[in-house]
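Trainee: So that we are looking at the same thing, I have put the structure below in structure tokens.
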2 protein chains.
Amino acid sequence: MNNKENFIKKLRSSGLRPTKQRIEICKALYERKKTFHFTIDDLNKILRKKSKEKISLATIYNTVYAFKNKNYLKEISLNTNKTYFDTNVSNHHHFLDENSNRLIDLKNSDVGKVKIKRKIPGKKIKSIEILVRISD
Amino acid sequence: MNNKENFIKKLRSSGLRPTKQRIEICKALYERKKTFHFTIDDLNKILRKKSKEKISLATIYNTVYAFKNKNYLKEISLNTNKTYFDTNVSNHHHFLDENSNRLIDLKNSDVGKVKIKRKIPGKKIKSIEILVRISD
DNA sequence: TAAGTACTTTATAATGATTCTAAAGTACTG
DNA sequence: CAGTACTTTAGAATCATTATAAAGTACTTA
Ligand SMILES: [Mn+2]
Ligand SMILES: [Mn+2]
Ligand SMILES: [Zn+2]
Ligand SMILES: [Zn+2]
């Protein structure tokens, strides 16, 4: 079974109709060896090059947020004017190269155990994320 | 010597003329017991209540970014449409309460030592910041 | 397979935080 | 005080994102 069939299955089983636009976007996002960190604009440019048929910007927004809601994409916290997304939806940490403004995934084994000693009454920890800023 | 005189000194010694607008903004930001995490809109609302004379939104933007450049304020990484600032400019960590969307400072003693085992050739670590998402 | 329906895509407009502009006002220097 | 550089301001411009609504498509059921 090839990727395309897998994407179709995955979409259908998520209640998302496997349209040709969504399948193209799946290919752009998930047919990669490494984690992909991107903005809507990055994705739009990639799709323009790759696909013969144009996918509207509105559809790219719709699809990215649909995928985010299904937990196939994750939003990343950064101080930029654009929103970043990550194909690695696991709880993980990042280097942020301040020269290139590029994100690099850290494996959990790259980071010693993080111990949070303080508790807030009535609140549970949902995630712990580290951002390590680096530069030349 | 009162706060106002201190603000004036600090501004002047930073090459920023101590205008009445900047002094009002200093009071709103720094006459507090605890760290203040805010958006431009938060600050604007506070100033409207506090001050008799209106400070234009443009001036609030100008001043906040001037203070950020002087390292009297820090920008915080969050996935929101608005930019957040922090009167605590030290390298420190946060809880983010996802119910209220409020930030809480963690003291360094609240967090065990963070060890980053991986190195990127030619790059130095500039800061390490942890965001701990919490909710009910 | 055709009709019916809900979902999807799309062009386009609206929104809203932020940035820009340029003119009027103010702080400092000599 | 006069001169200058800095500052404030209203309003316009920008631009990422979100909303709108009409046309197109996928799926269901007969
Ligand atoms: Mn952002
Ligand atoms: Mn932000
Ligand atoms: Zn990542
Ligand atoms: Zn803080």
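Please note that chains go A, B, ... in the order of the structure tokens, that every chain numbers its residues from 1, and that ligands are numbered from 1 in the order shown.
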Quick one: superpose chain A onto chain B using all C-alpha atoms paired in order, least squares, and give it to me as a PDB file with C-alpha atoms, in the first residue's frame.
Mentor:
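Final output, saved to part_39.pdb:
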```
ATOM      1  CA  MET A   1      14.210  59.450  46.226  1.00  0.00           C
ATOM      2  CA  ASN A   2      10.852  58.347  44.924  1.00  0.00           C
ATOM      3  CA  ASN A   3       9.996  56.093  42.028  1.00  0.00           C
ATOM      4  CA  LYS A   4       9.319  58.910  39.644  1.00  0.00           C
ATOM      5  CA  GLU A   5      12.804  60.340  40.121  1.00  0.00           C
ATOM      6  CA  ASN A   6      14.250  56.888  39.613  1.00  0.00           C
ATOM      7  CA  PHE A   7      12.325  56.407  36.407  1.00  0.00           C
ATOM      8  CA  ILE A   8      13.551  59.770  35.156  1.00  0.00           C
ATOM      9  CA  LYS A   9      17.144  58.877  35.953  1.00  0.00           C
ATOM     10  CA  LYS A  10      16.866  55.490  34.358  1.00  0.00           C
ATOM     11  CA  LEU A  11      15.289  56.871  31.212  1.00  0.00           C
ATOM     12  CA  ARG A  12      17.830  59.634  30.866  1.00  0.00           C
ATOM     13  CA  SER A  13      20.752  57.318  31.457  1.00  0.00           C
ATOM     14  CA  SER A  14      19.344  55.086  28.693  1.00  0.00           C
ATOM     15  CA  GLY A  15      19.205  57.901  26.188  1.00  0.00           C
ATOM     16  CA  LEU A  16      15.425  58.088  26.440  1.00  0.00           C
ATOM     17  CA  ARG A  17      13.966  61.483  27.244  1.00  0.00           C
ATOM     18  CA  PRO A  18      11.788  61.311  30.316  1.00  0.00           C
ATOM     19  CA  THR A  19       8.506  62.456  28.842  1.00  0.00           C
ATOM     20  CA  LYS A  20       5.344  62.386  30.898  1.00  0.00           C
ATOM     21  CA  GLN A  21       4.030  59.535  28.742  1.00  0.00           C
ATOM     22  CA  ARG A  22       7.081  57.385  29.389  1.00  0.00           C
ATOM     23  CA  ILE A  23       6.950  58.087  33.096  1.00  0.00           C
ATOM     24  CA  GLU A  24       3.275  57.110  33.237  1.00  0.00           C
ATOM     25  CA  ILE A  25       4.099  53.894  31.408  1.00  0.00           C
ATOM     26  CA  CYS A  26       6.968  53.180  33.815  1.00  0.00           C
ATOM     27  CA  LYS A  27       4.583  53.570  36.724  1.00  0.00           C
ATOM     28  CA  ALA A  28       2.045  51.231  35.167  1.00  0.00           C
ATOM     29  CA  LEU A  29       4.707  48.629  34.447  1.00  0.00           C
ATOM     30  CA  TYR A  30       7.117  48.774  37.344  1.00  0.00           C
ATOM     31  CA  GLU A  31       5.207  49.994  40.405  1.00  0.00           C
ATOM     32  CA  ARG A  32       4.156  46.441  41.114  1.00  0.00           C
ATOM     33  CA  LYS A  33       5.099  43.777  43.590  1.00  0.00           C
ATOM     34  CA  LYS A  34       4.949  40.917  41.093  1.00  0.00           C
ATOM     35  CA  THR A  35       6.106  40.313  37.559  1.00  0.00           C
ATOM     36  CA  PHE A  36       3.693  41.754  35.018  1.00  0.00           C
ATOM     37  CA  HIS A  37       2.861  39.786  31.887  1.00  0.00           C
ATOM     38  CA  PHE A  38       0.858  41.837  29.420  1.00  0.00           C
ATOM     39  CA  THR A  39      -0.168  42.674  25.893  1.00  0.00           C
ATOM     40  CA  ILE A  40      -0.212  46.151  24.401  1.00  0.00           C
ATOM     41  CA  ASP A  41      -3.968  46.074  24.747  1.00  0.00           C
ATOM     42  CA  ASP A  42      -3.761  45.220  28.464  1.00  0.00           C
ATOM     43  CA  LEU A  43      -1.387  48.100  29.018  1.00  0.00           C
ATOM     44  CA  ASN A  44      -3.521  50.482  27.005  1.00  0.00           C
ATOM     45  CA  LYS A  45      -6.580  49.659  29.124  1.00  0.00           C
ATOM     46  CA  ILE A  46      -4.664  50.110  32.354  1.00  0.00           C
ATOM     47  CA  LEU A  47      -3.305  53.459  31.244  1.00  0.00           C
ATOM     48  CA  ARG A  48      -6.758  54.667  30.254  1.00  0.00           C
ATOM     49  CA  LYS A  49      -8.019  54.002  33.763  1.00  0.00           C
ATOM     50  CA  LYS A  50      -4.982  55.245  35.639  1.00  0.00           C
ATOM     51  CA  SER A  51      -3.951  58.358  33.775  1.00  0.00           C
ATOM     52  CA  LYS A  52      -6.045  61.430  33.322  1.00  0.00           C
ATOM     53  CA  GLU A  53      -4.271  62.365  30.099  1.00  0.00           C
ATOM     54  CA  LYS A  54      -4.674  59.996  27.214  1.00  0.00           C
ATOM     55  CA  ILE A  55      -1.556  58.319  25.847  1.00  0.00           C
ATOM     56  CA  SER A  56      -1.880  57.419  22.188  1.00  0.00           C
ATOM     57  CA  LEU A  57      -1.701  53.806  21.142  1.00  0.00           C
ATOM     58  CA  ALA A  58       1.232  54.673  18.875  1.00  0.00           C
ATOM     59  CA  THR A  59       3.175  55.953  21.878  1.00  0.00           C
ATOM     60  CA  ILE A  60       2.413  52.820  23.839  1.00  0.00           C
ATOM     61  CA  TYR A  61       3.794  50.711  21.005  1.00  0.00           C
ATOM     62  CA  ASN A  62       6.812  52.993  20.618  1.00  0.00           C
ATOM     63  CA  THR A  63       7.575  52.947  24.313  1.00  0.00           C
ATOM     64  CA  VAL A  64       7.132  49.238  24.842  1.00  0.00           C
ATOM     65  CA  TYR A  65       9.507  48.473  21.976  1.00  0.00           C
ATOM     66  CA  ALA A  66      11.957  51.119  23.175  1.00  0.00           C
ATOM     67  CA  PHE A  67      11.925  49.462  26.603  1.00  0.00           C
ATOM     68  CA  LYS A  68      12.329  46.061  25.028  1.00  0.00           C
ATOM     69  CA  ASN A  69      15.385  47.275  23.114  1.00  0.00           C
ATOM     70  CA  LYS A  70      16.872  48.638  26.326  1.00  0.00           C
ATOM     71  CA  ASN A  71      16.197  45.275  27.959  1.00  0.00           C
ATOM     72  CA  TYR A  72      13.653  46.660  30.420  1.00  0.00           C
ATOM     73  CA  LEU A  73      11.012  44.392  28.939  1.00  0.00           C
ATOM     74  CA  LYS A  74      11.113  41.004  27.339  1.00  0.00           C
ATOM     75  CA  GLU A  75       8.909  39.517  24.658  1.00  0.00           C
ATOM     76  CA  ILE A  76       7.387  36.115  25.440  1.00  0.00           C
ATOM     77  CA  SER A  77       6.781  33.247  23.034  1.00  0.00           C
ATOM     78  CA  LEU A  78       3.139  32.255  22.975  1.00  0.00           C
ATOM     79  CA  ASN A  79       0.730  31.048  20.327  1.00  0.00           C
ATOM     80  CA  THR A  80      -1.660  33.917  20.428  1.00  0.00           C
ATOM     81  CA  ASN A  81      -2.534  36.624  17.985  1.00  0.00           C
ATOM     82  CA  LYS A  82      -1.171  39.255  20.360  1.00  0.00           C
ATOM     83  CA  THR A  83       2.401  39.790  21.457  1.00  0.00           C
ATOM     84  CA  TYR A  84       3.112  39.334  25.159  1.00  0.00           C
ATOM     85  CA  PHE A  85       5.675  41.187  27.240  1.00  0.00           C
ATOM     86  CA  ASP A  86       7.201  40.498  30.623  1.00  0.00           C
ATOM     87  CA  THR A  87       8.626  42.906  33.169  1.00  0.00           C
ATOM     88  CA  ASN A  88      10.863  40.101  34.396  1.00  0.00           C
ATOM     89  CA  VAL A  89      13.740  40.277  31.933  1.00  0.00           C
ATOM     90  CA  SER A  90      15.810  37.549  33.521  1.00  0.00           C
ATOM     91  CA  ASN A  91      16.043  34.149  31.910  1.00  0.00           C
ATOM     92  CA  HIS A  92      13.180  32.337  33.589  1.00  0.00           C
ATOM     93  CA  HIS A  93      10.444  29.802  33.035  1.00  0.00           C
ATOM     94  CA  HIS A  94       6.648  29.941  32.964  1.00  0.00           C
ATOM     95  CA  PHE A  95       3.495  28.123  33.744  1.00  0.00           C
ATOM     96  CA  LEU A  96       0.797  28.907  31.211  1.00  0.00           C
ATOM     97  CA  ASP A  97      -2.669  28.335  32.598  1.00  0.00           C
ATOM     98  CA  GLU A  98      -4.642  27.251  29.561  1.00  0.00           C
ATOM     99  CA  ASN A  99      -7.972  27.999  31.222  1.00  0.00           C
ATOM    100  CA  SER A 100      -7.283  31.627  31.997  1.00  0.00           C
ATOM    101  CA  ASN A 101      -4.458  32.082  29.481  1.00  0.00           C
ATOM    102  CA  ARG A 102      -2.411  33.608  32.246  1.00  0.00           C
ATOM    103  CA  LEU A 103       1.355  33.296  32.731  1.00  0.00           C
ATOM    104  CA  ILE A 104       2.988  32.546  36.059  1.00  0.00           C
ATOM    105  CA  ASP A 105       6.717  32.954  36.652  1.00  0.00           C
ATOM    106  CA  LEU A 106       8.678  29.982  37.849  1.00  0.00           C
ATOM    107  CA  LYS A 107      11.675  30.706  40.026  1.00  0.00           C
ATOM    108  CA  ASN A 108      14.852  28.976  38.973  1.00  0.00           C
ATOM    109  CA  SER A 109      14.640  27.027  42.209  1.00  0.00           C
ATOM    110  CA  ASP A 110      11.229  25.717  41.078  1.00  0.00           C
ATOM    111  CA  VAL A 111      12.877  23.860  38.212  1.00  0.00           C
ATOM    112  CA  GLY A 112      15.586  21.234  38.376  1.00  0.00           C
ATOM    113  CA  LYS A 113      18.721  21.890  36.403  1.00  0.00           C
ATOM    114  CA  VAL A 114      18.094  21.653  32.672  1.00  0.00           C
ATOM    115  CA  LYS A 115      20.749  19.717  30.844  1.00  0.00           C
ATOM    116  CA  ILE A 116      21.035  20.062  27.070  1.00  0.00           C
ATOM    117  CA  LYS A 117      23.241  17.217  25.904  1.00  0.00           C
ATOM    118  CA  ARG A 118      23.251  17.958  22.191  1.00  0.00           C
ATOM    119  CA  LYS A 119      25.472  20.598  20.634  1.00  0.00           C
ATOM    120  CA  ILE A 120      25.159  22.303  17.269  1.00  0.00           C
ATOM    121  CA  PRO A 121      28.622  22.945  15.790  1.00  0.00           C
ATOM    122  CA  GLY A 122      29.477  26.636  15.735  1.00  0.00           C
ATOM    123  CA  LYS A 123      26.418  27.633  17.729  1.00  0.00           C
ATOM    124  CA  LYS A 124      26.218  28.857  21.307  1.00  0.00           C
ATOM    125  CA  ILE A 125      23.262  28.620  23.640  1.00  0.00           C
ATOM    126  CA  LYS A 126      21.749  32.058  24.265  1.00  0.00           C
ATOM    127  CA  SER A 127      18.870  31.106  26.531  1.00  0.00           C
ATOM    128  CA  ILE A 128      16.873  28.157  27.751  1.00  0.00           C
ATOM    129  CA  GLU A 129      13.212  28.683  28.449  1.00  0.00           C
ATOM    130  CA  ILE A 130      10.595  26.236  29.586  1.00  0.00           C
ATOM    131  CA  LEU A 131       6.882  26.635  29.091  1.00  0.00           C
ATOM    132  CA  VAL A 132       4.753  24.392  31.295  1.00  0.00           C
ATOM    133  CA  ARG A 133       1.138  24.270  30.177  1.00  0.00           C
ATOM    134  CA  ILE A 134      -1.306  23.614  32.969  1.00  0.00           C
ATOM    135  CA  SER A 135      -5.072  23.351  33.219  1.00  0.00           C
ATOM    136  CA  ASP A 136      -7.835  22.121  35.536  1.00  0.00           C
TER     137      ASP A 136
END
```
Trainee: Write out as a list of chain:residue names which residues come within 10 Å of DA19 (chain D) when counting only C-alpha atoms (C1' of nucleotides), dropping same-chain ones fewer than 5 positions away.
Mentor: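 Here the answer would be C:DA13, C:DA14, C:DT15.
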Trainee: Could the residues of chain C within 12 Å of chain B, counting only C-alpha atoms (C1' of nucleotides), be given as a list in words, please?
Mentor: DG16, DA17, DT18, DT19, DC20, DT21, DG25, DT26, DA27 and DC28 of chain C
Trainee: For chain D, which residues have at least one atom within 12 Å of chain A, if we go by only C-alpha atoms (C1' of nucleotides)? Write them as a PyMOL selection string, please.
Mentor: chain D and resi 15-20+24-27
Trainee: With only C-alpha atoms (C1' of nucleotides) as the basis for distance, which of D:DA10, D:DA2, D:DA30, D:DA22 is at the shortest distance from DA23 (chain C)?
Mentor: D:DA10
Trainee: Suppose you want the space between C1' of DA5 (chain D) and C1' of DA24 (chain C); what is it in Å?
Mentor: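 So the two atoms, C1' of DA5 (chain D) and C1' of DA24 (chain C), lie 14.6 Å apart.
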Trainee: Could you tell me, as a list of chain:residue names, which residues of region 38-96 of chain A DSSP assigns to strand (DSSP E) when given the backbone?
Mentor: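 Assigned to strand (DSSP E), within region 38-96 of chain A: A:Phe38, A:Thr39, A:Lys74, A:Glu75, A:Ile76, A:Tyr84, A:Phe85, A:Asp86, A:His93, A:His94, A:Phe95, A:Leu96.
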Trainee: Deliver the residues from the most recent selection as a file, using N, CA, C and O atoms, as an mmCIF file, in the first residue's frame.
Mentor:
```cif
data_model
loop_
_atom_site.group_PDB
_atom_site.id
_atom_site.type_symbol
_atom_site.label_atom_id
_atom_site.label_comp_id
_atom_site.auth_asym_id
_atom_site.auth_seq_id
_atom_site.Cartn_x
_atom_site.Cartn_y
_atom_site.Cartn_z
ATOM 1 N N PHE A 38 6.990 24.666 9.778
ATOM 2 C CA PHE A 38 6.611 25.541 8.654
ATOM 3 C C PHE A 38 5.549 26.564 9.049
ATOM 4 O O PHE A 38 4.842 26.399 10.034
ATOM 5 N N THR A 39 5.459 27.577 8.197
ATOM 6 C CA THR A 39 4.355 28.535 8.271
ATOM 7 C C THR A 39 3.416 28.238 7.103
ATOM 8 O O THR A 39 3.773 27.529 6.164
ATOM 9 N N LYS A 74 0.948 20.288 15.011
ATOM 10 C CA LYS A 74 1.000 20.995 16.273
ATOM 11 C C LYS A 74 1.430 22.431 16.007
ATOM 12 O O LYS A 74 2.252 22.672 15.123
ATOM 13 N N GLU A 75 0.863 23.359 16.737
ATOM 14 C CA GLU A 75 1.270 24.742 16.637
ATOM 15 C C GLU A 75 2.464 24.955 17.559
ATOM 16 O O GLU A 75 2.529 24.363 18.635
ATOM 17 N N ILE A 76 3.386 25.802 17.163
ATOM 18 C CA ILE A 76 4.584 26.059 17.973
ATOM 19 C C ILE A 76 4.608 27.503 18.450
ATOM 20 O O ILE A 76 4.248 28.405 17.718
ATOM 21 N N TYR A 84 3.639 29.155 13.403
ATOM 22 C CA TYR A 84 4.422 27.994 12.978
ATOM 23 C C TYR A 84 3.709 26.697 13.335
ATOM 24 O O TYR A 84 3.018 26.608 14.360
ATOM 25 N N PHE A 85 3.925 25.699 12.490
ATOM 26 C CA PHE A 85 3.379 24.363 12.723
ATOM 27 C C PHE A 85 4.502 23.343 12.651
ATOM 28 O O PHE A 85 5.575 23.609 12.101
ATOM 29 N N ASP A 86 4.202 22.167 13.192
ATOM 30 C CA ASP A 86 5.217 21.127 13.350
ATOM 31 C C ASP A 86 4.566 19.793 13.024
ATOM 32 O O ASP A 86 3.496 19.478 13.558
ATOM 33 N N HIS A 93 11.175 19.075 22.419
ATOM 34 C CA HIS A 93 11.836 20.359 22.641
ATOM 35 C C HIS A 93 12.532 20.843 21.362
ATOM 36 O O HIS A 93 12.740 20.052 20.441
ATOM 37 N N HIS A 94 12.885 22.130 21.366
ATOM 38 C CA HIS A 94 13.488 22.709 20.156
ATOM 39 C C HIS A 94 14.712 23.562 20.437
ATOM 40 O O HIS A 94 14.771 24.259 21.447
ATOM 41 N N PHE A 95 15.631 23.505 19.490
ATOM 42 C CA PHE A 95 16.586 24.586 19.298
ATOM 43 C C PHE A 95 15.930 25.593 18.369
ATOM 44 O O PHE A 95 15.231 25.194 17.412
ATOM 45 N N LEU A 96 16.154 26.863 18.623
ATOM 46 C CA LEU A 96 15.775 27.892 17.648
ATOM 47 C C LEU A 96 17.037 28.644 17.269
ATOM 48 O O LEU A 96 17.639 29.331 18.099
#
```
